[in-house]
Structures are given as C-alpha cells and as structure tokens.
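Inspection log for the structure reproduced underneath, given as structure tokens.
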Amino acid sequence: MPDAASLTMRGEDRALLARLYAEAVGAAAPAAALAPHLPAPPAGRTVVVGAGKGAAQLARAFEGLWPGPVEGVVVTRHGHGCPTRRIRVLEAGHPVPDAAGLAASAALLAAVAGLGPDDLVVALIAGGGSALLPAPPAPLGLADEQALNRALLASGAPIGVMNRIRRQVSTIKGGRLALAARPARLLTLVVSDVPGDDAAEVASGPTVPSAGSPAEALALARAWGVALPPAVAAFLAAGGAPAPDPGDADFAAGEVRVIASAGRSLEAAAAAARGAGLVPAILSDAVEGEAREVARVHAAILREVVLRNRPFARPVAILSGGETTVTLRGEGRGGRNGEFALALALAAAGLPFAALAADTDGIDGSETNAGAFADGGTLARLRARGLDPSALLAANNSWAAFAALGDLFEPGPTGTNVNDFRAILVR
C-alpha cells in the first residue's frame, strides 16, 4: 500500500484541477453568456431586474453590452456586489433571508410597476435568488420565512423540493414578479444552477411560473421530513396563497432563455482536460443526493478505474456537476462540496487520485472557501495531526479537516453560479 507522502497531490495536479474549475466558471462568465441573447431595444423604457449570487456581475455586463438607456435594480448576496453605472445593486442575506432581502423584493416589484406595452423588462436570474428574495404573504413575516429556509436547508431535501415549497409561501416567486410587470414585454435570462436546467426552479422562478399548490407543499414537507415552522404549516393548511397557473394567458408573451448551465461548463472543463493529456469522462451535470452518498458512488467508480482500468481507461479526468445536499447532523461548518471531498477521501483512502469539489459561485456553505482538494493520502494526513476524519464528517465539519491540511480551495466570489463542480484525476 502506498504511503501518505506518495499519495499526496502533486503540484501540477492541483494546478490542473484549479484550471479545470476556472474553465468551467469561465464558460458561464456574464458577458460571454449574455451577448448572444440580447433583444432589440424597445420603443419605450428598458428596465433590468435580477436576483442571484451572480446578479451584480450580470447587471454590469448587461450595461456594457446594451446600446441604449437602461435602468433597474438587482439583488445579490452580501459581499458579492460590484460597481455599476445605471442598474442599482442591492445586497442581502444568503442562505438565510434578512431584512435587506425583504427591502430588495419590494424594490424589484416597484421597478416593474406602471410599465406599458412599449417597455421591456429583462430579468437576470441566477442561483441563490430564493433566499435573496424573501416576500412572505400576510399574515406571515420575515421571521417565518427565515425559519422556513433554515428548516429546508437542514432537511437534506433536493433543490426542486425546496423551491416547490418556497413558491407557495411568497408574493414574488413562482411567476409573481412577471405578473407585476404586465403589460411590458418580459425576457428572462437564466444562469442555471439546478439539475435539468428548469428555469422555473432557478431562484424559485420569480418570472417563470410552475405548477404546484399549498397542499402539494405540505405533502412534500411530510415526504422529505421538513420540519415546517408552525405558522407556515398553518398557512399552507388553510389554503395559503397558491402560486400562479403556468397556463395563465398573462405568461404567454414572456420569453425565457437559459444562457449558462452546468452542462456547458463541464464541457469547457473537459476540453481543458483533454488539452492536458487526460481523457475526460463527464458522468452527469445533474447529480443530486446526499453529498456523502454521492461521494461514495464516485469513490466506487474511482476504485474500478484504479484497479481494473474500467469503465474509463487511465489517464482520466472524471467530471460531474449538479447540486448535492447535506442533512445537518452536527455543527455544520463547511458546505456540500467540502462534505463531498471529505467523504471521498474516506471512501477512496489509499488510492492514487487527485480531486477538487467546489461551488462555481466561489462560496461553499458557511465559510469563505468554494470547496476543497482531496487525494488518497488525505485520511492519513488528518490522522497524523490527531484529527478523526469520520468524526468530522459525522459533525458536517469538513472545513476543519481541510483547513488543518491547507487544502481549502478559495478562489473568492466568481460572479456566476452553475452549481457544483467536481473533478477527479487518475493518472
């Protein structure tokens, strides 16, 4: 069995993994993604609204590309803003909503009020918008929406389930912002962070309706063990405020385009891996499930490659995307990509590999890192420092593990978000 030193990631592999990540993020860069999708300027006003962790950078890129006057407002996560000239950038709480988000929701609704048929509304929507746009219907308040978000995040439910519940407890999600913009023309440009690239799921679809009901939201909460706050459960049980019907004629004139996605980003990373002399193998851009369980599946594939040179022949770069989840059992310091990396290190200990798991928005969970590097010697190095990898994983504390090793990946906010990026190199 190789020792920990021989299994430690080589500098060139670490650099290559970081480059693959950069290529994936670059494929979703705002200006490049927006340019092919800009419409003709309208006879009236052009109003930009938006939400998501990459909304500020999208707004800045739009200003640089747009040939005429523009106004509007977008909201992004605290610390993810950037300078703009004419489109106002607001910052709000993520992943738990805050009062700034409540004000931002009101600002977006106000920005599209009173428009006419000669006006154009461009909605720039990216992942993270669900938390950034709290707008609870009466009699619920911000504290209720905050409690709901905490319950959803702790449940381990997939993003689609979370958003189907959120849409039933909002005055802006589920197409409601689109209805507020009538009768203006509406174009929604989406940077997708959801498996399958369903635009209605990104940021819970403020301008894109989706079927659902309060009764369905209650059923989903029961099925996934979501501990709904009592006030939210009572609101839904009483009939709530059902989301708009996607068949409503008021949605017919709107146009929706997905301008960046995990699939396109993985293809960019695959091209870079091929240029570096590895054969790229994209497993899927829509992987869901518990991060630690997804890691065990990846470890099984990795083991088969190392021991039997199948299903992919070495040298190979195994790539995947999507959005995993974490059911909180412990202190929860870290995020789903760190949890994946630690679980992979446990399941594939002693095998010769180098891996990076990171969120393409640059932030993974509760800390400032995007994710972490792992290799076949990670486990032994942790134990040599007196740390128990299994106990850290049980406590959802991947951050402590990789911080101790100097293996956190910290690119900073990227200005885009096409969800998880995972790359495993086997030479």
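Residue numbering restarts at 1 for every chain of the structure tokens, chains are lettered A, B, ... in their displayed order, and ligands are numbered from 1 as they appear.
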
* Who sits within 8 Å of Arg329 in chain A, only C-alpha atoms, same chain under 5 positions skipped, as a VMD selection string -> chain A and resid 394 to 396

Write a file of the just-selected residues containing C-alpha atoms, as a PDB file, in the first residue's frame.
```pdb
ATOM      1  CA  ALA A 394     -20.374  12.961  11.194  1.00  0.00           C
ATOM      2  CA  ALA A 395     -20.359  16.542  12.522  1.00  0.00           C
ATOM      3  CA  ASN A 396     -20.608  18.040   8.988  1.00  0.00           C
TER       4      ASN A 396
END
```

* To do: Using DSSP on the backbone coordinates, identify all residues within range 12-178 of chain A classified as alpha helix (DSSP H); present the result as an NGL selection string.
  => :A and (12-26 or 30-34 or 55-65 or 99-111 or 129-132 or 142-155 or 159-166 or 176-178)

Using only C-alpha atoms, please write the residues we just selected to a file, as a tab-separated table (two decimals), in the first residue's frame.
```tsv
chain	number	residue	atom	x	y	z
A	12	GLU	CA	0.86	20.11	-11.21
A	13	ASP	CA	-2.32	18.16	-10.47
A	14	ARG	CA	-3.50	20.81	-8.02
A	15	ALA	CA	-2.83	23.47	-10.65
A	16	LEU	CA	-4.68	21.48	-13.30
A	17	LEU	CA	-7.71	20.99	-11.07
A	18	ALA	CA	-7.82	24.73	-10.40
A	19	ARG	CA	-7.57	25.38	-14.14
A	20	LEU	CA	-10.42	22.98	-14.90
A	21	TYR	CA	-12.53	24.87	-12.35
A	22	ALA	CA	-11.54	28.19	-13.95
A	23	GLU	CA	-12.55	26.91	-17.39
A	24	ALA	CA	-15.90	25.76	-16.04
A	25	VAL	CA	-16.54	29.13	-14.39
A	26	GLY	CA	-15.30	31.00	-17.47
A	30	PRO	CA	-21.64	37.01	-17.63
A	31	ALA	CA	-20.63	38.96	-20.75
A	32	ALA	CA	-19.99	35.87	-22.85
A	33	ALA	CA	-23.25	34.29	-21.73
A	34	LEU	CA	-25.36	37.42	-22.26
A	55	ALA	CA	-26.79	39.10	-10.43
A	56	ALA	CA	-24.48	42.11	-9.93
A	57	GLN	CA	-21.95	40.87	-12.47
A	58	LEU	CA	-24.75	40.09	-14.92
A	59	ALA	CA	-26.08	43.62	-14.49
A	60	ARG	CA	-22.65	45.16	-15.07
A	61	ALA	CA	-22.14	43.04	-18.20
A	62	PHE	CA	-25.60	44.00	-19.47
A	63	GLU	CA	-24.78	47.69	-19.09
A	64	GLY	CA	-21.63	47.20	-21.14
A	65	LEU	CA	-23.46	45.41	-23.93
A	99	ALA	CA	-34.40	42.44	6.22
A	100	ALA	CA	-32.24	43.69	3.34
A	101	GLY	CA	-33.72	40.95	1.18
A	102	LEU	CA	-37.22	41.98	2.17
A	103	ALA	CA	-36.43	45.53	1.01
A	104	ALA	CA	-34.87	44.19	-2.19
A	105	SER	CA	-38.00	42.21	-3.07
A	106	ALA	CA	-40.05	45.39	-2.64
A	107	ALA	CA	-37.56	47.30	-4.83
A	108	LEU	CA	-37.83	44.76	-7.67
A	109	LEU	CA	-41.62	44.85	-7.57
A	110	ALA	CA	-41.56	48.65	-7.57
A	111	ALA	CA	-39.14	48.73	-10.52
A	129	GLY	CA	-32.25	34.15	-5.60
A	130	SER	CA	-34.66	32.12	-3.49
A	131	ALA	CA	-33.03	33.29	-0.26
A	132	LEU	CA	-32.30	36.78	-1.59
A	142	LEU	CA	-39.75	37.66	7.72
A	143	ALA	CA	-39.10	35.53	10.81
A	144	ASP	CA	-41.40	32.85	9.38
A	145	GLU	CA	-39.58	32.82	6.05
A	146	GLN	CA	-36.23	32.68	7.83
A	147	ALA	CA	-37.42	29.71	9.89
A	148	LEU	CA	-38.70	28.01	6.74
A	149	ASN	CA	-35.35	28.44	4.99
A	150	ARG	CA	-33.47	27.01	7.96
A	151	ALA	CA	-35.79	24.01	8.02
A	152	LEU	CA	-35.36	23.42	4.29
A	153	LEU	CA	-31.56	23.70	4.48
A	154	ALA	CA	-31.38	21.26	7.39
A	155	SER	CA	-33.69	18.69	5.78
A	159	ILE	CA	-33.45	21.86	-4.51
A	160	GLY	CA	-36.54	21.14	-6.60
A	161	VAL	CA	-38.48	20.12	-3.50
A	162	MET	CA	-37.29	23.17	-1.57
A	163	ASN	CA	-38.38	25.50	-4.33
A	164	ARG	CA	-41.80	23.88	-4.78
A	165	ILE	CA	-42.43	24.64	-1.11
A	166	ARG	CA	-40.96	28.17	-1.25
A	176	ARG	CA	-45.46	36.64	-9.44
A	177	LEU	CA	-42.78	39.18	-10.45
A	178	ALA	CA	-43.71	38.54	-14.10
```
